[in-house]
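All remarks here apply to the structure that follows.
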Amino acid sequence: MPEGDTVWLQARRLDRALAGRAITYTDLRHPRLATAQLSGRAVAEVAARGKHLLMRMQGGLTLHSHLGMDGAWHTVRQGGRRPAEPAWQLRAAIANDEWIAFGYRLRRLDLIATREEDRVVGHLGPDLLAAGFDAADARRRLTARPDREIGEALLDQATVAGLGNLYVAELLFLTGTNPWTPVRAVRDPDRLLALARELLAAGIDTAGDHPVQVTTGNPRPGSGCYVYRRAGEPCRRCGTLVRSAWQGAPPRARQRYWCPACQPLPQT
Ligand SMILES: [Zn+2]
């Protein structure tokens, strides 16, 4: 599942290519949208909300997409080479005089009225990458269900929007928090949320198209994370083997990674 920084950078790339220009061509490969005709409309802006992309157009229309597990938008110049993606996974193509945007493997694709965007993103908690992040609301949502496990609560986009598996794993390591800790036993929820914002902000602090997603400070391949996808390898701090296990019930179960020594379960 993409992290919020990945979606944010894709929105920025789409915004730079499409905003302020009229659409000249659309191909939306969804039965409900097959006849939708957007040509002639100008794109006002492209924004990210958590893992949702909102392409707002003139006339009060929004093309909403969700990247699901591995969806992606690519932008290429007219006449340029197509993205290296399987053609049958293409779900949307939108072009103007200069650019073409290709959306692959989108889990959701809807055309909605801009004033009704809340129907698709209204359930989301405060966006960790938003300038006007509401820390008090985020804390309230996080602590509203005190018996919930912290790993699950942080990944729930209704708590805060933007965290995926990688940042949840790293965030819990950096704060010495075991993923199965009940929310009520988490020592400093405000610090946890502040650090979550810092990690995502560091992810988008790049001139390129891909987020940095390095939490160790070491950008070498395979060295960027403390515990994420490192099950069976020694903890970078204490040498104990990193563990992994599933958390949550299917289909929402997610793999957790943690160091049992650096992230002990609190005594109850
Ligand atoms: Zn450790």
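By convention in this document, the chains of the structure tokens carry letters A, B, ... by their order, each chain's residues are numbered from 1, and ligands are numbered from 1 in the order they are shown.
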Given a cut-off of 10 Å, what residues near ligand 1 show up using only C-alpha atoms and all ligand atoms, put as a compact mmCIF listing (two decimals) with all heavy atoms, in the first residue's frame?
# COMPACT_ATOMS: atom_id res chain seq x y z
N PHE A 173 9.11 1.72 15.84
CA PHE A 173 10.49 1.43 16.26
C PHE A 173 11.14 2.67 16.88
O PHE A 173 11.72 2.61 17.96
CB PHE A 173 11.34 0.92 15.08
CG PHE A 173 12.78 0.71 15.48
CD1 PHE A 173 13.17 -0.48 16.09
CD2 PHE A 173 13.72 1.71 15.30
CE1 PHE A 173 14.49 -0.67 16.50
CE2 PHE A 173 15.05 1.53 15.71
CZ PHE A 173 15.43 0.33 16.31
N GLY A 176 10.07 3.27 20.29
CA GLY A 176 10.15 2.15 21.23
C GLY A 176 8.81 1.56 21.58
O GLY A 176 8.61 1.05 22.69
N TYR A 226 14.74 0.76 9.69
CA TYR A 226 15.18 0.04 10.89
C TYR A 226 14.60 -1.37 10.95
O TYR A 226 15.32 -2.33 11.19
CB TYR A 226 14.78 0.81 12.14
CG TYR A 226 15.65 2.01 12.41
CD1 TYR A 226 15.19 3.29 12.16
CD2 TYR A 226 16.94 1.84 12.92
CE1 TYR A 226 16.00 4.40 12.40
CE2 TYR A 226 17.76 2.92 13.17
CZ TYR A 226 17.28 4.21 12.92
OH TYR A 226 18.08 5.28 13.15
N VAL A 227 13.30 -1.49 10.74
CA VAL A 227 12.68 -2.82 10.89
C VAL A 227 11.82 -3.25 9.71
O VAL A 227 11.63 -4.45 9.49
CB VAL A 227 11.81 -2.89 12.19
CG1 VAL A 227 12.70 -2.87 13.43
CG2 VAL A 227 10.77 -1.78 12.24
N PRO A 234 19.36 -8.72 12.04
CA PRO A 234 19.62 -8.11 13.35
C PRO A 234 19.16 -6.65 13.42
O PRO A 234 19.31 -5.90 12.46
CB PRO A 234 21.15 -8.20 13.49
CG PRO A 234 21.67 -8.50 12.13
CD PRO A 234 20.57 -9.11 11.33
N CYS A 235 18.58 -6.28 14.56
CA CYS A 235 18.19 -4.90 14.81
C CYS A 235 19.41 -4.00 14.66
O CYS A 235 20.50 -4.33 15.13
CB CYS A 235 17.62 -4.80 16.24
SG CYS A 235 17.36 -3.11 16.80
N ARG A 236 19.23 -2.86 14.01
CA ARG A 236 20.36 -1.96 13.78
C ARG A 236 20.84 -1.31 15.07
O ARG A 236 21.93 -0.75 15.12
CB ARG A 236 19.97 -0.87 12.78
CG ARG A 236 19.61 -1.42 11.39
CD ARG A 236 19.56 -0.30 10.37
NE ARG A 236 18.84 -0.70 9.16
CZ ARG A 236 19.36 -1.44 8.19
NH1 ARG A 236 20.60 -1.87 8.28
NH2 ARG A 236 18.64 -1.76 7.12
N ARG A 237 20.01 -1.36 16.10
CA ARG A 237 20.42 -0.77 17.38
C ARG A 237 20.99 -1.78 18.34
O ARG A 237 21.99 -1.52 18.99
CB ARG A 237 19.22 -0.08 18.04
CG ARG A 237 19.19 1.37 17.74
CD ARG A 237 18.16 2.12 18.54
NE ARG A 237 17.89 3.39 17.89
CZ ARG A 237 16.78 4.07 18.00
NH1 ARG A 237 15.80 3.58 18.74
NH2 ARG A 237 16.62 5.22 17.37
N CYS A 238 20.34 -2.94 18.47
CA CYS A 238 20.74 -3.85 19.56
C CYS A 238 21.14 -5.24 19.08
O CYS A 238 21.61 -6.04 19.87
CB CYS A 238 19.61 -3.96 20.59
SG CYS A 238 18.24 -4.97 20.03
N GLY A 239 20.94 -5.55 17.81
CA GLY A 239 21.38 -6.84 17.29
C GLY A 239 20.36 -7.97 17.45
O GLY A 239 20.52 -9.03 16.85
N THR A 240 19.32 -7.76 18.25
CA THR A 240 18.26 -8.78 18.37
C THR A 240 17.59 -8.96 17.00
O THR A 240 17.48 -8.00 16.24
CB THR A 240 17.20 -8.29 19.40
OG1 THR A 240 17.86 -8.00 20.62
CG2 THR A 240 16.12 -9.34 19.64
N LEU A 241 17.16 -10.18 16.70
CA LEU A 241 16.56 -10.40 15.39
C LEU A 241 15.19 -9.73 15.31
O LEU A 241 14.36 -9.86 16.21
CB LEU A 241 16.42 -11.90 15.10
CG LEU A 241 17.73 -12.70 15.06
CD1 LEU A 241 17.48 -14.12 14.59
CD2 LEU A 241 18.78 -12.01 14.16
N VAL A 242 14.98 -9.02 14.21
CA VAL A 242 13.70 -8.34 13.96
C VAL A 242 12.64 -9.41 13.71
O VAL A 242 12.89 -10.40 13.02
CB VAL A 242 13.83 -7.39 12.76
CG1 VAL A 242 12.46 -6.83 12.35
CG2 VAL A 242 14.81 -6.26 13.06
N TRP A 258 9.01 -5.64 14.07
CA TRP A 258 9.43 -4.94 15.29
C TRP A 258 10.62 -5.66 15.92
O TRP A 258 10.85 -6.85 15.68
CB TRP A 258 8.27 -4.81 16.27
CG TRP A 258 7.93 -6.05 17.05
CD1 TRP A 258 8.27 -6.30 18.36
CD2 TRP A 258 7.21 -7.20 16.60
NE1 TRP A 258 7.80 -7.52 18.74
CE2 TRP A 258 7.14 -8.09 17.69
CE3 TRP A 258 6.62 -7.56 15.39
CZ2 TRP A 258 6.51 -9.34 17.59
CZ3 TRP A 258 6.00 -8.79 15.28
CH2 TRP A 258 5.94 -9.67 16.37
N CYS A 259 11.36 -4.93 16.73
CA CYS A 259 12.45 -5.52 17.50
C CYS A 259 11.92 -5.79 18.90
O CYS A 259 11.53 -4.87 19.61
CB CYS A 259 13.65 -4.56 17.58
SG CYS A 259 14.86 -5.13 18.80
N PRO A 260 11.89 -7.08 19.32
CA PRO A 260 11.31 -7.40 20.62
C PRO A 260 12.08 -6.77 21.79
O PRO A 260 11.49 -6.54 22.86
CB PRO A 260 11.37 -8.93 20.69
CG PRO A 260 12.18 -9.38 19.53
CD PRO A 260 12.31 -8.26 18.56
N ALA A 261 13.35 -6.45 21.60
CA ALA A 261 14.12 -5.84 22.70
C ALA A 261 13.90 -4.33 22.75
O ALA A 261 13.68 -3.76 23.82
CB ALA A 261 15.60 -6.16 22.54
N CYS A 262 13.95 -3.66 21.62
CA CYS A 262 13.78 -2.21 21.59
C CYS A 262 12.31 -1.80 21.73
O CYS A 262 12.02 -0.66 22.08
CB CYS A 262 14.32 -1.62 20.28
SG CYS A 262 16.09 -1.78 20.08
N GLN A 263 11.40 -2.71 21.41
CA GLN A 263 9.97 -2.39 21.44
C GLN A 263 9.21 -3.41 22.29
O GLN A 263 8.36 -4.14 21.78
CB GLN A 263 9.40 -2.39 20.01
CG GLN A 263 10.06 -1.38 19.09
CD GLN A 263 9.68 -1.63 17.64
OE1 GLN A 263 10.42 -2.26 16.90
NE2 GLN A 263 8.51 -1.16 17.22
N PRO A 264 9.50 -3.46 23.59
CA PRO A 264 8.81 -4.44 24.44
C PRO A 264 7.34 -4.07 24.66
O PRO A 264 6.99 -2.89 24.58
CB PRO A 264 9.58 -4.36 25.76
CG PRO A 264 10.13 -2.98 25.78
CD PRO A 264 10.39 -2.59 24.35
Name the residues in contact with A:Ile100 at a cut-off of 6 Å, using only C-alpha atoms, excluding same-chain residues fewer than 6 positions from it; report them as a PyMOL selection string. chain A and resi 75-76+94
Considering only C-alpha atoms, return as a ChimeraX atom specification whatever protein or nucleic-acid residues lie within 7 Å of stretch 150-153 of chain A, sequence-local ones (same chain, fewer than 6 positions apart) excluded. /A:142,159,168,179-183,248
Export C-alpha atoms of the chosen residues as a JSON list (two decimals), in the first residue's frame?
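Listed below is the output, out03.json:
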[["chain", "number", "residue", "atom", "x", "y", "z"],
["A", 142, "LEU", "CA", -6.25, 8.10, 18.03],
["A", 159, "THR", "CA", -7.40, 8.13, 12.60],
["A", 168, "VAL", "CA", 3.91, 2.61, 10.87],
["A", 179, "PRO", "CA", 2.78, -2.66, 17.63],
["A", 180, "TRP", "CA", 0.43, -4.61, 19.93],
["A", 181, "THR", "CA", 0.44, -1.98, 22.66],
["A", 182, "PRO", "CA", -3.12, -0.88, 23.44],
["A", 183, "VAL", "CA", -3.56, 2.80, 22.59],
["A", 248, "GLY", "CA", -5.62, -7.41, 12.33]]
A:Tyr104: which residues within 6 Å, counting only C-alpha atoms, same-chain residues fewer than 6 positions away excluded, as a list of chain:residue names? A:Gly71, A:Ala72, A:Gln89, A:Leu90, A:Arg91
Considering only C-alpha atoms, state which residue in the set A:Ala138, A:Ala47, A:Val7, A:Ala36 is at the smallest distance from A:Trp73. A:Val7
Quick one: pull the distance between atom CA of A:Ala202 and atom CA of A:Val214, Å, one decimal. 8.2 Å
Skipping near chain neighbours, those fewer than 2 positions away, what residues fall within 7 Å of A:Leu28 using only C-alpha atoms, listed as a ChimeraX atom specification? /A:26,30,33-34,91-93
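Look at A:Arg256: the protein and nucleic acid residues within 6 Å of it, using only C-alpha atoms and passing over chain neighbours fewer than 3 places away, are Ser244, Ala245 and Trp246 of chain A.
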Put those residues in a file: N, CA and C atoms, as a CSV table (one decimal), in the first residue's frame.
chain,number,residue,atom,x,y,z
A,244,SER,N,8.5,-10.5,12.7
A,244,SER,CA,7.3,-10.1,11.9
A,244,SER,C,6.1,-11.0,12.2
A,245,ALA,N,5.0,-10.4,12.2
A,245,ALA,CA,3.7,-11.2,12.4
A,245,ALA,C,2.6,-10.4,11.8
A,246,TRP,N,1.5,-11.1,11.6
A,246,TRP,CA,0.3,-10.4,11.1
A,246,TRP,C,-0.5,-9.7,12.2
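Using only C-alpha atoms, the shortest contact distance between A:Asp27 and any of A:Ala101, A:Gln247, A:Arg191, A:Ala42 is found at A:Ala101.
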Give me the residues of stretch 144-236 of chain A that have any atom at most 9 Å from an atom of stretch 51-70 of chain A; for each, the nearest atom pair and the distance in Å, rounded to one decimal. Use only C-alpha atoms, sort by chain and number, and format it as a Markdown table.
| residue | atom | partner | partner_atom | distance |
| --- | --- | --- | --- | --- |
| A:Gln157 | CA | A:Lys51 | CA | 8.7 |
| A:Ala161 | CA | A:Lys51 | CA | 7.3 |
| A:Gly162 | CA | A:Lys51 | CA | 6.2 |
| A:Leu163 | CA | A:Lys51 | CA | 8.8 |
Can you list, as a PDB file with all heavy atoms, in the first residue's frame, all residues belonging to stretch 29-96 of chain A that DSSP tags as helix (DSSP H, G or I)?
ATOM      1  N   PRO A  31     -16.507   0.841 -16.568  1.00  0.00           N
ATOM      2  CA  PRO A  31     -17.805   0.769 -17.243  1.00  0.00           C
ATOM      3  C   PRO A  31     -18.678   2.010 -17.001  1.00  0.00           C
ATOM      4  O   PRO A  31     -19.339   2.498 -17.902  1.00  0.00           O
ATOM      5  CB  PRO A  31     -18.460  -0.466 -16.627  1.00  0.00           C
ATOM      6  CG  PRO A  31     -17.384  -1.233 -15.960  1.00  0.00           C
ATOM      7  CD  PRO A  31     -16.194  -0.354 -15.795  1.00  0.00           C
ATOM      8  N   ARG A  32     -18.625   2.511 -15.756  1.00  0.00           N
ATOM      9  CA  ARG A  32     -19.465   3.644 -15.404  1.00  0.00           C
ATOM     10  C   ARG A  32     -19.009   4.936 -16.079  1.00  0.00           C
ATOM     11  O   ARG A  32     -19.774   5.875 -16.233  1.00  0.00           O
ATOM     12  CB  ARG A  32     -19.438   3.830 -13.883  1.00  0.00           C
ATOM     13  CG  ARG A  32     -20.796   3.823 -13.256  1.00  0.00           C
ATOM     14  CD  ARG A  32     -20.763   3.921 -11.731  1.00  0.00           C
ATOM     15  NE  ARG A  32     -19.641   3.300 -11.065  1.00  0.00           N
ATOM     16  CZ  ARG A  32     -18.662   3.973 -10.458  1.00  0.00           C
ATOM     17  NH1 ARG A  32     -18.647   5.274 -10.469  1.00  0.00           N
ATOM     18  NH2 ARG A  32     -17.691   3.331  -9.841  1.00  0.00           N
ATOM     19  N   LEU A  33     -17.732   4.981 -16.447  1.00  0.00           N
ATOM     20  CA  LEU A  33     -17.157   6.239 -16.952  1.00  0.00           C
ATOM     21  C   LEU A  33     -16.813   6.185 -18.429  1.00  0.00           C
ATOM     22  O   LEU A  33     -16.270   7.138 -18.981  1.00  0.00           O
ATOM     23  CB  LEU A  33     -15.881   6.566 -16.161  1.00  0.00           C
ATOM     24  CG  LEU A  33     -16.054   6.674 -14.646  1.00  0.00           C
ATOM     25  CD1 LEU A  33     -14.709   6.884 -13.984  1.00  0.00           C
ATOM     26  CD2 LEU A  33     -16.989   7.819 -14.307  1.00  0.00           C
ATOM     27  N   ALA A  87       0.140  -2.687 -20.532  1.00  0.00           N
ATOM     28  CA  ALA A  87      -0.942  -1.892 -21.132  1.00  0.00           C
ATOM     29  C   ALA A  87      -2.317  -2.290 -20.597  1.00  0.00           C
ATOM     30  O   ALA A  87      -3.191  -1.447 -20.423  1.00  0.00           O
ATOM     31  CB  ALA A  87      -0.896  -2.039 -22.650  1.00  0.00           C
ATOM     32  N   TRP A  88      -2.507  -3.579 -20.285  1.00  0.00           N
ATOM     33  CA  TRP A  88      -3.841  -4.028 -19.849  1.00  0.00           C
ATOM     34  C   TRP A  88      -4.179  -3.531 -18.449  1.00  0.00           C
ATOM     35  O   TRP A  88      -5.318  -3.616 -18.020  1.00  0.00           O
ATOM     36  CB  TRP A  88      -3.967  -5.538 -19.942  1.00  0.00           C
ATOM     37  CG  TRP A  88      -2.997  -6.307 -19.077  1.00  0.00           C
ATOM     38  CD1 TRP A  88      -1.727  -6.664 -19.406  1.00  0.00           C
ATOM     39  CD2 TRP A  88      -3.217  -6.795 -17.753  1.00  0.00           C
ATOM     40  NE1 TRP A  88      -1.126  -7.326 -18.374  1.00  0.00           N
ATOM     41  CE2 TRP A  88      -2.018  -7.434 -17.347  1.00  0.00           C
ATOM     42  CE3 TRP A  88      -4.292  -6.764 -16.869  1.00  0.00           C
ATOM     43  CZ2 TRP A  88      -1.879  -8.030 -16.095  1.00  0.00           C
ATOM     44  CZ3 TRP A  88      -4.135  -7.367 -15.621  1.00  0.00           C
ATOM     45  CH2 TRP A  88      -2.947  -7.996 -15.244  1.00  0.00           C
ATOM     46  N   GLN A  89      -3.200  -3.004 -17.733  1.00  0.00           N
ATOM     47  CA  GLN A  89      -3.486  -2.476 -16.387  1.00  0.00           C
ATOM     48  C   GLN A  89      -3.811  -0.982 -16.407  1.00  0.00           C
ATOM     49  O   GLN A  89      -4.031  -0.381 -15.367  1.00  0.00           O
ATOM     50  CB  GLN A  89      -2.302  -2.748 -15.459  1.00  0.00           C
ATOM     51  CG  GLN A  89      -2.117  -4.246 -15.199  1.00  0.00           C
ATOM     52  CD  GLN A  89      -0.933  -4.550 -14.299  1.00  0.00           C
ATOM     53  OE1 GLN A  89      -0.125  -3.674 -14.017  1.00  0.00           O
ATOM     54  NE2 GLN A  89      -0.825  -5.795 -13.861  1.00  0.00           N
TER      55      GLN A  89
END
Give the strand (DSSP E or B) residues of stretch 189-263 of chain A, as DSSP finds them on the backbone, and put them as number ranges by chain. A: 234, 241, 243-247, 254-258
Just-selected residues, N, CA, C and O atoms written as a compact mmCIF listing (two decimals), in the first residue's frame:
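The resulting selection10.txt:
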# COMPACT_ATOMS: atom_id res chain seq x y z
N PRO A 234 19.36 -8.72 12.04
CA PRO A 234 19.62 -8.11 13.35
C PRO A 234 19.16 -6.65 13.42
O PRO A 234 19.31 -5.90 12.46
N LEU A 241 17.16 -10.18 16.70
CA LEU A 241 16.56 -10.40 15.39
C LEU A 241 15.19 -9.73 15.31
O LEU A 241 14.36 -9.86 16.21
N ARG A 243 11.47 -9.21 14.29
CA ARG A 243 10.39 -10.17 14.11
C ARG A 243 9.30 -9.61 13.20
O ARG A 243 9.21 -8.40 13.00
N SER A 244 8.48 -10.51 12.68
CA SER A 244 7.31 -10.05 11.93
C SER A 244 6.14 -10.96 12.24
O SER A 244 6.32 -12.14 12.57
N ALA A 245 4.95 -10.40 12.19
CA ALA A 245 3.73 -11.18 12.40
C ALA A 245 2.57 -10.39 11.81
O ALA A 245 2.71 -9.19 11.53
N TRP A 246 1.45 -11.07 11.61
CA TRP A 246 0.28 -10.39 11.05
C TRP A 246 -0.50 -9.74 12.17
O TRP A 246 -0.65 -10.30 13.25
N GLN A 247 -1.03 -8.57 11.87
CA GLN A 247 -1.90 -7.89 12.83
C GLN A 247 -3.21 -7.56 12.15
O GLN A 247 -3.22 -7.12 11.01
N ARG A 254 -2.29 -6.85 8.26
CA ARG A 254 -1.05 -6.29 7.72
C ARG A 254 0.13 -6.88 8.47
O ARG A 254 0.04 -7.17 9.66
N GLN A 255 1.24 -7.02 7.78
CA GLN A 255 2.42 -7.56 8.40
C GLN A 255 3.13 -6.48 9.21
O GLN A 255 3.35 -5.38 8.71
N ARG A 256 3.45 -6.80 10.43
CA ARG A 256 4.15 -5.87 11.32
C ARG A 256 5.60 -6.34 11.47
O ARG A 256 5.86 -7.53 11.46
N TYR A 257 6.48 -5.38 11.67
CA TYR A 257 7.89 -5.68 11.90
C TYR A 257 8.31 -4.94 13.16
O TYR A 257 7.99 -3.76 13.32
N TRP A 258 9.01 -5.64 14.07
CA TRP A 258 9.43 -4.94 15.29
C TRP A 258 10.62 -5.66 15.92
O TRP A 258 10.85 -6.85 15.68
Spatial neighbours of stretch 205-210 of chain A, 10 Å, only C-alpha atoms, chain gap at least 6 places, as a ChimeraX atom specification: /A:5-10,12-13,74
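Minimum atom-to-atom distance to A:Trp99, evaluated using only C-alpha atoms, belongs to A:Ile23 out of A:Ile23, A:Leu172, A:Val160, A:Ile112.
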Atom-to-atom span, atom CA of A:Ala201 and atom CA of A:Leu128, Å: 8.5 Å
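If you look at atom CA of A:Arg77 and atom CA of A:Arg29, they are 21.1 Å away from each other.
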